[in-house]
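Shown below: upload-v5.cif, with mmCIF, C-alpha atoms.
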data_target
#
loop_
_atom_site.label_atom_id
_atom_site.label_comp_id
_atom_site.auth_asym_id
_atom_site.auth_seq_id
_atom_site.Cartn_x
_atom_site.Cartn_y
_atom_site.Cartn_z
CA MET D 1 -72.56 5.61 21.07
CA SER D 2 -72.79 3.77 17.80
CA LYS D 3 -75.84 5.72 16.75
CA ARG D 4 -74.09 9.03 17.40
CA ASP D 5 -70.90 7.89 15.74
CA SER D 6 -72.70 7.23 12.49
CA ASP D 7 -74.58 10.49 12.42
CA GLY D 8 -72.35 12.03 9.83
CA SER D 9 -71.10 14.75 12.15
CA GLY D 10 -67.53 13.84 11.29
CA HIS D 11 -66.65 13.69 14.95
CA ASN D 12 -63.92 11.20 15.82
CA PRO D 13 -65.29 8.86 18.51
CA ALA D 14 -61.84 7.73 19.64
CA ARG D 15 -60.88 11.35 20.28
CA ARG D 16 -64.11 11.93 22.12
CA GLN D 17 -63.40 8.99 24.42
CA ALA D 18 -59.97 10.44 25.09
CA LEU D 19 -61.57 13.78 25.91
CA SER D 20 -63.97 12.03 28.26
CA CYS D 21 -61.03 10.54 30.13
CA LEU D 22 -59.39 13.93 30.40
CA ALA D 23 -62.60 15.37 31.75
CA SER D 24 -62.59 12.88 34.60
CA TRP D 25 -59.55 14.62 36.09
CA THR D 26 -61.63 17.50 37.29
CA GLY D 27 -61.91 16.01 40.77
CA ALA D 28 -58.20 16.38 41.56
CA ALA D 29 -55.58 19.07 41.47
CA VAL D 30 -53.12 18.28 38.72
CA VAL D 31 -49.89 20.15 38.21
CA TRP D 32 -48.75 20.52 34.62
CA THR D 33 -45.61 21.89 33.14
CA VAL D 34 -45.67 22.98 29.55
CA ALA D 35 -42.29 23.21 27.89
CA GLY D 36 -42.16 23.83 24.18
CA GLY D 37 -45.86 23.10 23.98
CA VAL D 38 -45.56 19.56 25.35
CA PRO D 39 -47.17 19.10 28.74
CA HIS D 40 -45.69 16.81 31.38
CA ALA D 41 -47.63 15.89 34.48
CA LEU D 42 -45.62 16.65 37.60
CA GLY D 43 -48.09 14.92 39.86
CA ALA D 44 -51.07 15.83 41.94
CA THR D 45 -50.59 17.64 45.19
CA GLY D 46 -52.62 16.09 47.96
CA SER D 47 -53.76 19.36 49.45
CA GLY D 48 -53.94 21.21 46.18
CA THR D 49 -51.13 23.43 47.42
CA PRO D 50 -48.81 24.53 44.64
CA ALA D 51 -45.09 24.06 44.81
CA ALA D 52 -43.32 27.32 45.60
CA ALA D 53 -42.99 29.37 42.44
CA ALA D 54 -39.68 30.79 41.31
CA PRO D 55 -39.16 34.39 42.41
CA ASN D 56 -39.15 35.65 38.82
CA ALA D 57 -42.36 33.82 37.94
CA LEU D 58 -45.61 35.43 36.85
CA THR D 59 -48.55 33.87 38.64
CA PHE D 60 -52.16 34.53 37.75
CA VAL D 61 -55.50 32.80 38.25
CA GLN D 62 -58.20 31.83 35.75
CA ILE D 63 -61.83 31.69 36.80
CA SER D 64 -64.73 31.08 34.43
CA ASP D 65 -68.46 30.76 33.92
CA THR D 66 -69.73 32.38 37.12
CA HIS D 67 -73.26 32.75 35.64
CA ILE D 68 -74.30 35.38 38.18
CA GLY D 69 -78.12 35.37 38.08
CA PHE D 70 -78.47 31.58 37.80
CA ARG D 71 -80.76 30.29 40.57
CA LYS D 72 -81.76 26.80 39.48
CA GLN D 73 -81.40 23.47 41.25
CA ALA D 74 -77.95 22.72 39.81
CA ASN D 75 -76.60 25.57 41.99
CA PRO D 76 -79.04 27.87 43.83
CA ASP D 77 -76.11 29.90 45.24
CA VAL D 78 -73.69 30.88 42.48
CA VAL D 79 -72.80 34.03 44.45
CA GLY D 80 -71.69 31.84 47.35
CA SER D 81 -69.59 29.70 45.01
CA LEU D 82 -67.85 32.75 43.57
CA ARG D 83 -67.27 34.18 47.06
CA ARG D 84 -65.67 30.90 48.14
CA ALA D 85 -63.37 30.97 45.13
CA ILE D 86 -62.48 34.61 45.85
CA ALA D 87 -61.62 33.71 49.46
CA GLU D 88 -59.37 30.87 48.26
CA ILE D 89 -57.63 33.11 45.71
CA ASN D 90 -57.13 35.85 48.31
CA ALA D 91 -55.58 33.23 50.64
CA LEU D 92 -53.03 31.92 48.12
CA PRO D 93 -49.52 31.98 49.61
CA GLN D 94 -48.23 33.83 46.57
CA ALA D 95 -50.67 36.54 45.54
CA PRO D 96 -51.48 36.32 41.83
CA ALA D 97 -50.62 39.33 39.65
CA PHE D 98 -54.15 39.37 38.28
CA VAL D 99 -57.21 37.24 37.62
CA VAL D 100 -58.68 36.39 34.23
CA HIS D 101 -62.37 35.50 33.80
CA THR D 102 -63.02 33.55 30.60
CA GLY D 103 -66.65 34.48 30.13
CA ASP D 104 -70.26 33.90 31.09
CA VAL D 105 -69.83 36.41 33.88
CA SER D 106 -73.63 36.74 33.95
CA HIS D 107 -76.40 34.27 33.20
CA LEU D 108 -78.91 36.46 31.35
CA SER D 109 -76.89 39.60 30.41
CA LYS D 110 -79.02 41.67 32.80
CA PRO D 111 -77.50 44.97 33.99
CA GLU D 112 -78.02 44.00 37.62
CA GLU D 113 -76.17 40.72 37.02
CA PHE D 114 -73.20 42.52 35.47
CA GLY D 115 -73.27 45.05 38.31
CA GLN D 116 -73.34 42.38 41.00
CA ALA D 117 -70.56 40.41 39.29
CA ARG D 118 -68.40 43.50 39.06
CA GLU D 119 -68.89 44.24 42.76
CA LEU D 120 -68.07 40.65 43.70
CA LEU D 121 -64.93 40.58 41.54
CA GLN D 122 -63.75 43.74 43.29
CA GLU D 123 -63.41 41.61 46.44
CA LEU D 124 -60.42 39.94 44.75
CA ARG D 125 -57.22 41.36 46.22
CA VAL D 126 -55.45 41.70 42.87
CA ASP D 127 -54.55 44.69 40.74
CA ARG D 128 -56.78 43.81 37.81
CA VAL D 129 -59.41 41.38 36.57
CA HIS D 130 -59.38 40.76 32.81
CA THR D 131 -62.59 39.40 31.35
CA VAL D 132 -63.82 38.17 27.97
CA PRO D 133 -67.53 37.83 27.13
CA GLY D 134 -69.41 34.54 27.01
CA GLU D 135 -72.59 33.96 25.04
CA HIS D 136 -74.59 34.49 28.24
CA ASP D 137 -73.13 38.01 28.40
CA THR D 138 -74.33 39.03 24.92
CA ILE D 139 -77.95 37.85 24.87
CA ASP D 140 -80.11 40.90 24.15
CA GLU D 141 -77.82 43.61 22.80
CA GLY D 142 -74.57 41.98 21.74
CA VAL D 143 -71.59 43.13 23.80
CA THR D 144 -73.09 46.57 24.57
CA GLY D 145 -74.43 45.70 28.03
CA TYR D 146 -71.31 43.73 28.92
CA LEU D 147 -68.98 46.56 27.88
CA LYS D 148 -70.79 49.01 30.17
CA HIS D 149 -69.20 47.10 33.04
CA PHE D 150 -66.19 45.34 31.50
CA ASP D 151 -64.63 47.51 28.80
CA HIS D 152 -61.01 46.54 29.37
CA ASP D 153 -59.29 49.39 27.53
CA GLY D 154 -62.14 51.77 26.74
CA ASN D 155 -62.04 51.01 23.01
CA GLY D 156 -65.62 49.78 22.89
CA LYS D 157 -64.48 46.35 21.72
CA ALA D 158 -64.58 43.09 23.62
CA TRP D 159 -61.08 42.16 22.39
CA TYR D 160 -57.78 43.57 23.62
CA SER D 161 -54.17 42.75 24.35
CA PHE D 162 -51.64 43.66 27.03
CA ASP D 163 -48.12 42.74 28.05
CA GLN D 164 -47.05 41.73 31.51
CA ALA D 165 -43.79 40.21 32.76
CA GLY D 166 -42.60 39.45 29.25
CA VAL D 167 -45.80 37.64 28.30
CA HIS D 168 -48.22 38.85 25.61
CA PHE D 169 -51.88 38.39 26.55
CA ILE D 170 -54.78 38.55 24.08
CA GLY D 171 -58.47 38.62 25.06
CA LEU D 172 -60.95 37.59 22.37
CA ASN D 173 -64.69 37.66 21.76
CA ASN D 174 -65.71 34.42 20.04
CA VAL D 175 -69.39 34.27 20.99
CA LEU D 176 -70.96 36.34 18.18
CA ASN D 177 -70.51 36.58 14.39
CA PHE D 178 -72.55 33.48 13.68
CA LYS D 179 -74.82 32.51 10.83
CA ALA D 180 -77.97 30.44 11.35
CA GLY D 181 -77.13 26.89 12.28
CA THR D 182 -73.39 27.49 12.68
CA LEU D 183 -70.82 27.91 15.43
CA ALA D 184 -70.03 31.40 16.69
CA ALA D 185 -66.88 32.97 15.26
CA LEU D 186 -64.23 35.63 15.79
CA GLY D 187 -65.12 37.36 12.53
CA ASP D 188 -62.95 39.09 9.94
CA GLU D 189 -62.59 42.40 11.81
CA GLN D 190 -61.28 40.72 14.96
CA LEU D 191 -58.97 38.37 13.01
CA ALA D 192 -57.50 41.39 11.17
CA TRP D 193 -56.94 43.12 14.50
CA MET D 194 -55.32 39.97 15.92
CA LYS D 195 -52.99 39.71 12.92
CA GLY D 196 -51.87 43.32 13.35
CA ASP D 197 -51.50 42.90 17.10
CA LEU D 198 -49.30 39.78 16.79
CA ALA D 199 -47.16 41.41 14.09
CA ARG D 200 -45.67 43.58 16.86
CA VAL D 201 -44.74 40.56 19.02
CA SER D 202 -41.51 38.56 18.60
CA SER D 203 -41.96 34.83 18.03
CA SER D 204 -39.95 34.09 21.19
CA THR D 205 -42.47 35.93 23.38
CA PRO D 206 -44.83 33.60 25.28
CA VAL D 207 -48.43 34.27 24.22
CA VAL D 208 -51.51 33.59 26.34
CA VAL D 209 -54.91 33.79 24.60
CA LEU D 210 -58.20 34.17 26.50
CA GLY D 211 -61.46 33.24 24.80
CA HIS D 212 -64.77 31.92 26.12
CA ILE D 213 -65.62 29.14 23.65
CA PRO D 214 -62.85 26.61 22.97
CA LEU D 215 -60.66 27.51 20.01
CA TRP D 216 -60.82 23.93 18.83
CA THR D 217 -63.95 21.99 17.98
CA ILE D 218 -64.77 19.69 20.89
CA TRP D 219 -68.39 18.87 20.05
CA GLU D 220 -69.94 20.81 17.20
CA ARG D 221 -73.48 19.63 17.88
CA TRP D 222 -73.43 21.50 21.21
CA GLY D 223 -71.74 24.58 19.79
CA TRP D 224 -68.47 23.67 21.52
CA GLY D 225 -66.12 25.17 18.97
CA THR D 226 -65.29 28.35 17.09
CA ALA D 227 -66.16 28.47 13.38
CA ASP D 228 -63.00 30.31 12.28
CA SER D 229 -60.57 29.04 14.94
CA ALA D 230 -58.28 27.60 12.22
CA GLN D 231 -57.49 31.16 11.10
CA ALA D 232 -56.63 32.20 14.65
CA MET D 233 -54.46 29.11 15.14
CA ALA D 234 -52.60 29.91 11.91
CA LEU D 235 -51.76 33.35 13.34
CA LEU D 236 -50.50 31.77 16.58
CA ARG D 237 -48.49 28.91 15.05
CA PRO D 238 -45.23 30.89 14.47
CA PHE D 239 -44.86 31.55 18.20
CA GLY D 240 -42.68 29.32 20.36
CA SER D 241 -45.05 29.09 23.31
CA VAL D 242 -48.80 29.67 23.10
CA THR D 243 -51.33 28.89 25.82
CA VAL D 244 -55.03 29.19 25.04
CA LEU D 245 -57.38 29.44 28.03
CA ASN D 246 -61.08 28.82 27.42
CA GLY D 247 -64.26 28.31 29.45
CA HIS D 248 -67.77 27.53 28.19
CA ILE D 249 -67.80 23.76 28.67
CA HIS D 250 -67.51 23.80 32.50
CA GLN D 251 -64.88 21.05 32.65
CA VAL D 252 -61.16 20.61 32.20
CA LEU D 253 -59.95 19.41 28.81
CA GLN D 254 -56.56 19.80 27.22
CA LYS D 255 -55.22 19.62 23.71
CA VAL D 256 -51.76 20.27 22.30
CA GLU D 257 -51.09 21.27 18.70
CA GLY D 258 -47.41 21.89 18.05
CA ASN D 259 -46.40 24.76 20.33
CA ILE D 260 -50.02 25.62 21.12
CA ALA D 261 -51.55 24.18 24.30
CA LEU D 262 -55.29 24.63 24.73
CA HIS D 263 -57.01 24.31 28.10
CA THR D 264 -60.65 24.61 29.11
CA ALA D 265 -61.53 25.40 32.73
CA MET D 266 -64.06 24.40 35.35
CA SER D 267 -67.03 26.67 36.01
CA LEU D 268 -67.88 28.38 39.29
CA ALA D 269 -71.63 27.84 38.73
CA TYR D 270 -72.63 24.29 37.67
CA PRO D 271 -71.26 21.27 35.83
CA LEU D 272 -72.12 20.42 32.24
CA PRO D 273 -72.14 16.90 30.79
CA THR D 274 -69.15 15.34 29.08
CA PRO D 275 -69.40 15.45 25.27
CA GLY D 276 -71.21 12.36 24.08
CA GLU D 277 -72.18 11.32 27.61
CA ALA D 278 -74.67 8.45 27.38
CA GLY D 279 -78.27 9.53 27.71
CA ILE D 280 -77.56 13.27 27.66
CA GLY D 281 -78.31 14.95 24.38
CA GLU D 282 -77.91 18.59 25.33
CA PRO D 283 -75.41 20.76 27.20
CA GLY D 284 -77.73 21.76 30.07
CA PRO D 285 -76.85 22.20 33.76
CA VAL D 286 -76.24 18.91 35.59
CA THR D 287 -77.59 18.56 39.13
CA VAL D 288 -75.33 16.42 41.31
CA PRO D 289 -75.90 15.06 44.84
CA ALA D 290 -75.37 17.43 47.76
CA GLY D 291 -71.70 17.66 48.68
CA GLU D 292 -70.54 16.78 45.17
CA LEU D 293 -70.99 20.17 43.52
CA GLY D 294 -67.85 21.77 44.94
CA LYS D 295 -65.72 18.97 43.50
CA LEU D 296 -66.89 19.89 40.00
CA LEU D 297 -66.38 23.65 40.35
CA GLY D 298 -63.02 25.29 40.66
CA THR D 299 -60.27 27.70 39.74
CA ARG D 300 -56.96 27.43 37.88
CA GLN D 301 -53.65 28.88 38.94
CA LEU D 302 -51.02 29.47 36.25
CA THR D 303 -47.37 30.20 36.77
CA LEU D 304 -44.96 31.23 34.02
CA VAL D 305 -41.26 31.25 34.79
CA ARG D 306 -39.60 34.11 32.95
CA GLY D 307 -37.17 33.01 30.26
CA SER D 308 -37.95 29.31 30.57
CA HIS D 309 -41.19 29.16 28.56
CA GLN D 310 -42.44 26.85 31.27
CA LEU D 311 -46.04 27.10 32.33
CA ALA D 312 -47.44 25.32 35.37
CA LEU D 313 -51.19 24.86 35.70
CA ILE D 314 -53.06 23.80 38.80
CA ASP D 315 -56.76 23.06 38.44
CA ARG D 316 -58.11 23.24 41.94
CA PRO D 317 -61.69 22.27 42.81
CA LEU D 318 -63.54 24.33 45.40
CA VAL D 319 -63.63 21.22 47.64
CA VAL D 320 -60.50 19.06 47.66
CA MET J 1 -148.25 10.24 3.40
CA ASN J 2 -148.20 7.59 6.09
CA ASP J 3 -147.62 8.33 9.78
CA ALA J 4 -143.99 7.38 9.67
CA LEU J 5 -143.23 9.80 6.86
CA ARG J 6 -145.32 12.53 8.48
CA ASN J 7 -143.41 12.12 11.72
CA ALA J 8 -140.10 12.23 9.86
CA ALA J 9 -141.09 15.39 8.02
CA LEU J 10 -142.18 17.04 11.26
CA TRP J 11 -138.95 15.97 12.89
CA CYS J 12 -136.93 17.49 10.06
CA ARG J 13 -138.88 20.74 10.26
CA ALA J 14 -138.34 20.83 13.99
CA CYS J 15 -134.64 20.26 13.42
CA ALA J 16 -134.49 23.04 10.88
CA VAL J 17 -136.28 25.47 13.18
CA ALA J 18 -134.00 24.50 16.05
CA ALA J 19 -130.95 24.90 13.85
CA LEU J 20 -132.11 28.32 12.67
CA ALA J 21 -132.78 29.34 16.25
CA LEU J 22 -129.35 28.14 17.23
CA CYS J 23 -127.76 30.08 14.39
CA ALA J 24 -129.67 33.19 15.36
CA ALA J 25 -128.49 32.80 18.90
CA LEU J 26 -124.87 32.25 17.98
CA ALA J 27 -124.42 34.21 14.77
CA MET J 28 -123.75 37.59 16.29
CA PRO J 29 -121.43 36.39 19.05
CA ALA J 30 -119.62 34.19 16.52
CA VAL J 31 -118.93 37.11 14.19
CA PHE J 32 -118.00 39.28 17.12
CA ALA J 33 -115.53 36.66 18.31
CA THR J 34 -113.93 36.50 14.89
CA ALA J 35 -113.58 40.24 14.75
CA ALA J 36 -112.12 40.88 18.17
CA GLY J 37 -111.37 37.52 19.78
CA PRO J 38 -108.01 35.89 20.21
CA ALA J 39 -106.11 34.73 17.13
CA PRO J 40 -105.71 31.00 16.62
CA THR J 41 -102.68 29.87 18.57
CA ALA J 42 -99.91 27.38 17.94
CA GLU J 43 -97.43 26.32 20.59
CA VAL J 44 -93.70 25.63 20.29
CA LYS J 45 -91.87 24.22 23.29
CA ILE J 46 -88.14 24.86 23.69
CA ALA J 47 -86.65 21.87 25.49
CA LYS J 48 -83.28 20.14 25.53
CA PHE J 49 -81.85 22.80 23.21
CA GLU J 50 -84.42 22.11 20.48
CA TYR J 51 -87.56 23.83 19.20
CA GLY J 52 -90.46 21.38 19.28
CA PRO J 53 -91.77 21.10 16.70
CA LYS J 54 -88.75 22.29 14.76
CA GLU J 55 -91.03 23.28 11.85
CA ILE J 56 -94.69 24.27 12.04
CA THR J 57 -97.18 25.21 9.33
CA ILE J 58 -99.89 27.74 10.21
CA ALA J 59 -102.49 29.93 8.51
CA PRO J 60 -101.98 33.71 8.30
CA GLY J 61 -103.23 35.43 11.45
CA THR J 62 -102.09 32.64 13.73
CA LYS J 63 -100.23 33.47 16.92
CA VAL J 64 -97.26 31.29 17.78
CA VAL J 65 -96.26 31.03 21.44
CA TRP J 66 -92.81 29.74 22.36
CA THR J 67 -92.13 28.57 25.93
CA ASN J 68 -88.65 27.85 27.25
CA ALA J 69 -88.64 24.68 29.35
CA ASP J 70 -84.84 24.56 29.70
CA GLU J 71 -82.77 25.82 32.63
CA THR J 72 -80.60 27.55 30.04
CA PRO J 73 -81.74 30.81 28.41
CA HIS J 74 -82.69 30.77 24.75
CA THR J 75 -84.00 33.28 22.23
CA VAL J 76 -86.35 33.15 19.25
CA THR J 77 -84.74 35.38 16.63
CA SER J 78 -85.84 35.39 12.99
CA ASN J 79 -83.25 35.34 10.24
CA ASP J 80 -84.94 38.30 8.51
CA LYS J 81 -85.20 40.30 11.79
CA SER J 82 -89.00 40.44 11.51
CA PHE J 83 -89.36 39.11 15.06
CA ALA J 84 -86.99 38.64 17.98
CA SER J 85 -87.50 37.73 21.61
CA LYS J 86 -85.44 38.86 24.54
CA GLY J 87 -83.48 36.19 26.36
CA LEU J 88 -86.04 33.70 27.65
CA ASP J 89 -85.33 32.26 31.09
CA THR J 90 -87.03 29.09 32.31
CA ASP J 91 -90.83 29.17 31.66
CA ASP J 92 -90.61 32.56 29.93
CA LYS J 93 -92.81 32.93 26.84
CA PHE J 94 -92.53 34.80 23.58
CA GLU J 95 -95.39 35.25 21.10
CA HIS J 96 -95.69 36.61 17.61
CA VAL J 97 -98.70 36.85 15.26
CA PHE J 98 -97.83 35.92 11.67
CA SER J 99 -99.99 38.01 9.33
CA LYS J 100 -98.05 37.49 6.10
CA GLU J 101 -97.47 34.30 4.17
CA GLY J 102 -93.96 32.97 3.89
CA ASP J 103 -91.35 30.72 5.46
CA PHE J 104 -89.73 32.30 8.52
CA GLY J 105 -86.52 30.67 9.70
CA TYR J 106 -85.30 31.52 13.18
CA ILE J 107 -82.48 30.65 15.57
CA CYS J 108 -81.44 30.98 19.19
CA THR J 109 -78.76 33.68 19.28
CA VAL J 110 -77.31 32.16 22.46
CA HIS J 111 -76.99 28.77 20.72
CA PRO J 112 -77.03 29.44 16.97
CA PHE J 113 -77.00 25.70 16.21
CA MET J 114 -80.66 25.68 17.34
CA THR J 115 -82.87 26.39 14.32
CA GLY J 116 -86.61 26.37 13.55
CA VAL J 117 -89.01 27.40 10.78
CA VAL J 118 -92.56 28.80 10.79
CA HIS J 119 -94.33 28.14 7.47
CA VAL J 120 -97.26 30.55 7.01
CA HIS J 121 -99.62 29.48 4.22
CA LYS J 122 -103.34 29.85 3.48
CA GLN J 123 -105.04 26.54 4.22
#

Once more with this new file: its structure as structure tokens, please.
Amino acid sequence: MSKRDSDGSGHNPARRQALSCLASWTGAAVVWTVAGGVPHALGATGSGTPAAAAPNALTFVQISDTHIGFRKQANPDVVGSLRRAIAEINALPQAPAFVVHTGDVSHLSKPEEFGQARELLQELRVDRVHTVPGEHDTIDEGVTGYLKHFDHDGNGKAWYSFDQAGVHFIGLNNVLNFKAGTLAALGDEQLAWMKGDLARVSSSTPVVVLGHIPLWTIWERWGWGTADSAQAMALLRPFGSVTVLNGHIHQVLQKVEGNIALHTAMSLAYPLPTPGEAGIGEPGPVTVPAGELGKLLGTRQLTLVRGSHQLALIDRPLVV
Amino acid sequence: MNDALRNAALWCRACAVAALALCAALAMPAVFATAAGPAPTAEVKIAKFEYGPKEITIAPGTKVVWTNADETPHTVTSNDKSFASKGLDTDDKFEHVFSKEGDFGYICTVHPFMTGVVHVHKQ
């Protein structure tokens, strides 16, 4: 630790330790309520079953990092893992309005991987699946290959917004626009679009932002951050309730900044190490003993109660 | 000239004849190999999200072969767009022959924090 802490990266070791603790929660279902941007733990449910949602609540599910096409030891059956998650989502007592996928749909951006992922996601019994691209979805030709299968609104962009049940949703692409040796970024064009999009939204409207890479810098050395996230956060700060949902790091972390709550999600493919984990210097797939993998993969159910600005999150591993 | 010197002189002449014969035997194939044989090769291994070595110095005409040893895909993409691999899965290779002198920085477009440089200079 001490060697890494003195490497001049500017990373705060105390914060990293706190993040490591947060990451250790991934083995249990934890129910959170976010009111005014401050989360309060309501307690873990033994079976992972959510409390009954209010009738006027909007419920949706976040999945992430399916990496269709990955076949290595850390998870030789990512299709099976996704199918299990789909079965669990389809069996939820209250059907979600839609599912969001926060990126790395595919592993190698191959057309057949996108095609297979799209077919699998159609097994979800929901009206829509909203996706954002991960860096694994933009490998050879930027977002072009991804958009052939996942162009949300037909605009030829990987960013979009929509409104549902009084909530404003924004999907972002924060995996490109990088310079050599830097973090990926949203870029000026997307930030200008975001500014114009939010100008139409009242500050009392709850906002939910989807983006693959965390919109705060968790561990710069591994690319776990967005170069221009401060500009996006400045655009979101005037709003009374903002929830940012990210993937990329294959583990659950939370951060609250004023009225903005940021959450990363588990993967449905394989675990990644905790930032700064002793003896692991790179963010590569982690192979765990048989029977342990399902505890480190999972889905997230979110419920927003209309008019209350309350948001309940349940991170549920595939094996409870 | 005493016997020792005579023997030494004969030995040297024998060596020279043998050397000439050897040259005659190898000269044509050697030239042929230079003209059409494989370029000198340098290897870069991609492992643990790093190019190893991160910087290499080679002579013009050298072929550099990158091999991805990670379970995560990487690319080899030059900053000046003069060369670019596809996404390299585990054990996939990418090669490029550097004919011009210069310093060629490159990155992995999947993980742009990964950087490397190929220095091409006459040696």

Could you please determine the separation between atom CA of Cys108 of chain J and atom CA of Glu50 of chain J in Å, to one decimal place?
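Interatomic distance, atom CA of Cys108 of chain J to atom CA of Glu50 of chain J: 9.4 Å.
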
Residues around (-81.9, 20.7, 27.6), cut-off 9 Å, counting only C-alpha atoms - what are they as a ChimeraX atom specification?
/D:280-285 /J:46-50,69-72

For the file shown, what are the residues hit by the PyMOL selection byres ((chain D) within 9 of (chain J)), laid out as a PyMOL selection string?
chain D and resi 70+72+107-109+135-136+138-140+175-176+178-184+220-223+281-285

Can you work out the spacing between atom CA of Leu293 of chain D and atom CA of Ala312 of chain D in Å, to one decimal?
25.4 Å

Using all atoms listed in the file, which of the listed residues (D:Ser203, D:Asn90, D:Gln231, D:Thr131) sits closest to Tyr160 of chain D?
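Closest to Tyr160 of chain D of all the choices is D:Thr131.
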
Leaving out Gly211 of chain D and any residue of its chain fewer than 5 positions from it, which residues lie within 10 Å of it when counting only C-alpha atoms, given as a count of residues only?
22

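The smallest atom-to-atom distance between Ile56 of chain J and any of J:His119, J:Lys100, J:Lys93, J:Lys81, using only C-alpha atoms, is found for J:His119.
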
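Among D:Asp77, D:Asp65, D:Glu189, D:Asp197, the residue with the shortest atom-to-atom distance to Ile213 of chain D, counting all atoms listed in the file, is D:Asp65.
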
Measuring atom to atom with only C-alpha atoms, identify which of D:Val256, D:Ala269, D:Phe239, D:His250 is nearest to Gly69 of chain D.
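Nearest to Gly69 of chain D: D:Ala269.
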
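Every residue within 10 Å of the file position (-76.5, 42.8, 31.8), judged by all atoms listed in the file, is given as D:Gly69, D:Val105, D:Ser106, D:His107, D:Leu108, D:Ser109, D:Lys110, D:Pro111, D:Glu112, D:Glu113, D:Phe114, D:Gly115, D:Gln116, D:Ala117, D:His136, D:Asp137, D:Thr138, D:Ile139, D:Asp140, D:Glu141, D:Val143, D:Thr144, D:Gly145, D:Tyr146, D:Leu147, D:Lys148, D:His149.
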
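The two atoms in question, atom CA of Leu121 of chain D and atom CA of Ser81 of chain D, are spaced 12.3 Å apart.
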
Would you list the contacts of Thr62 of chain J as a PyMOL selection string, taking every protein, DNA or RNA residue within 10 Å and counting only C-alpha atoms, but skipping same-chain residues closer than 6 positions in sequence?
chain J and resi 38-42+96-100+120

Which residue gives the smallest distance to Glu88 of chain D among D:Arg71, D:His212, D:Arg306, D:Arg316, with only C-alpha atoms counted?
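That would be D:Arg316, the residue with the smallest distance to Glu88 of chain D.
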
What would the selection look like, as number ranges by chain, if the PyMOL selection byres ((chain D and resi 96) around 7) were run on the coordinates I just shared?
D: 59-61, 94-95, 97-98, 126

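Proximity to Ala199 of chain D was assessed for D:Gly154, D:Pro289, D:Pro271, D:Pro238 counting only C-alpha atoms; the smallest distance is recorded for D:Pro238.
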
Supply segment 95-107 of chain J as a PDB file, in the frame of the given file, with N, CA and C atoms built in where the input has gaps.
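Full text of out-v2.pdb as output:
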ATOM      1  N   GLU J  95     -94.355  35.515  22.105  1.00  0.00           N
ATOM      2  CA  GLU J  95     -95.390  35.250  21.100  1.00  0.00           C
ATOM      3  C   GLU J  95     -95.296  36.239  19.960  1.00  0.00           C
ATOM      4  N   HIS J  96     -95.705  35.770  18.804  1.00  0.00           N
ATOM      5  CA  HIS J  96     -95.690  36.610  17.610  1.00  0.00           C
ATOM      6  C   HIS J  96     -96.837  36.164  16.697  1.00  0.00           C
ATOM      7  N   VAL J  97     -97.606  37.149  16.187  1.00  0.00           N
ATOM      8  CA  VAL J  97     -98.700  36.850  15.260  1.00  0.00           C
ATOM      9  C   VAL J  97     -98.163  36.988  13.830  1.00  0.00           C
ATOM     10  N   PHE J  98     -98.337  35.933  13.053  1.00  0.00           N
ATOM     11  CA  PHE J  98     -97.830  35.920  11.670  1.00  0.00           C
ATOM     12  C   PHE J  98     -98.968  36.319  10.730  1.00  0.00           C
ATOM     13  N   SER J  99     -98.915  37.526  10.203  1.00  0.00           N
ATOM     14  CA  SER J  99     -99.990  38.010   9.330  1.00  0.00           C
ATOM     15  C   SER J  99     -99.684  37.738   7.854  1.00  0.00           C
ATOM     16  N   LYS J 100     -98.415  37.676   7.512  1.00  0.00           N
ATOM     17  CA  LYS J 100     -98.050  37.490   6.100  1.00  0.00           C
ATOM     18  C   LYS J 100     -97.663  36.048   5.822  1.00  0.00           C
ATOM     19  N   GLU J 101     -97.912  35.635   4.576  1.00  0.00           N
ATOM     20  CA  GLU J 101     -97.470  34.300   4.170  1.00  0.00           C
ATOM     21  C   GLU J 101     -95.963  34.284   3.971  1.00  0.00           C
ATOM     22  N   GLY J 102     -95.404  33.106   4.119  1.00  0.00           N
ATOM     23  CA  GLY J 102     -93.960  32.970   3.890  1.00  0.00           C
ATOM     24  C   GLY J 102     -93.369  31.904   4.791  1.00  0.00           C
ATOM     25  N   ASP J 103     -92.075  31.677   4.630  1.00  0.00           N
ATOM     26  CA  ASP J 103     -91.350  30.720   5.460  1.00  0.00           C
ATOM     27  C   ASP J 103     -90.357  31.507   6.306  1.00  0.00           C
ATOM     28  N   PHE J 104     -90.526  31.468   7.614  1.00  0.00           N
ATOM     29  CA  PHE J 104     -89.730  32.300   8.520  1.00  0.00           C
ATOM     30  C   PHE J 104     -88.791  31.428   9.348  1.00  0.00           C
ATOM     31  N   GLY J 105     -87.532  31.400   8.931  1.00  0.00           N
ATOM     32  CA  GLY J 105     -86.520  30.670   9.700  1.00  0.00           C
ATOM     33  C   GLY J 105     -86.088  31.495  10.892  1.00  0.00           C
ATOM     34  N   TYR J 106     -85.769  30.816  11.978  1.00  0.00           N
ATOM     35  CA  TYR J 106     -85.300  31.520  13.180  1.00  0.00           C
ATOM     36  C   TYR J 106     -84.269  30.672  13.910  1.00  0.00           C
ATOM     37  N   ILE J 107     -83.513  31.339  14.791  1.00  0.00           N
ATOM     38  CA  ILE J 107     -82.480  30.650  15.570  1.00  0.00           C
ATOM     39  C   ILE J 107     -82.511  31.154  17.005  1.00  0.00           C
TER      40      ILE J 107
END
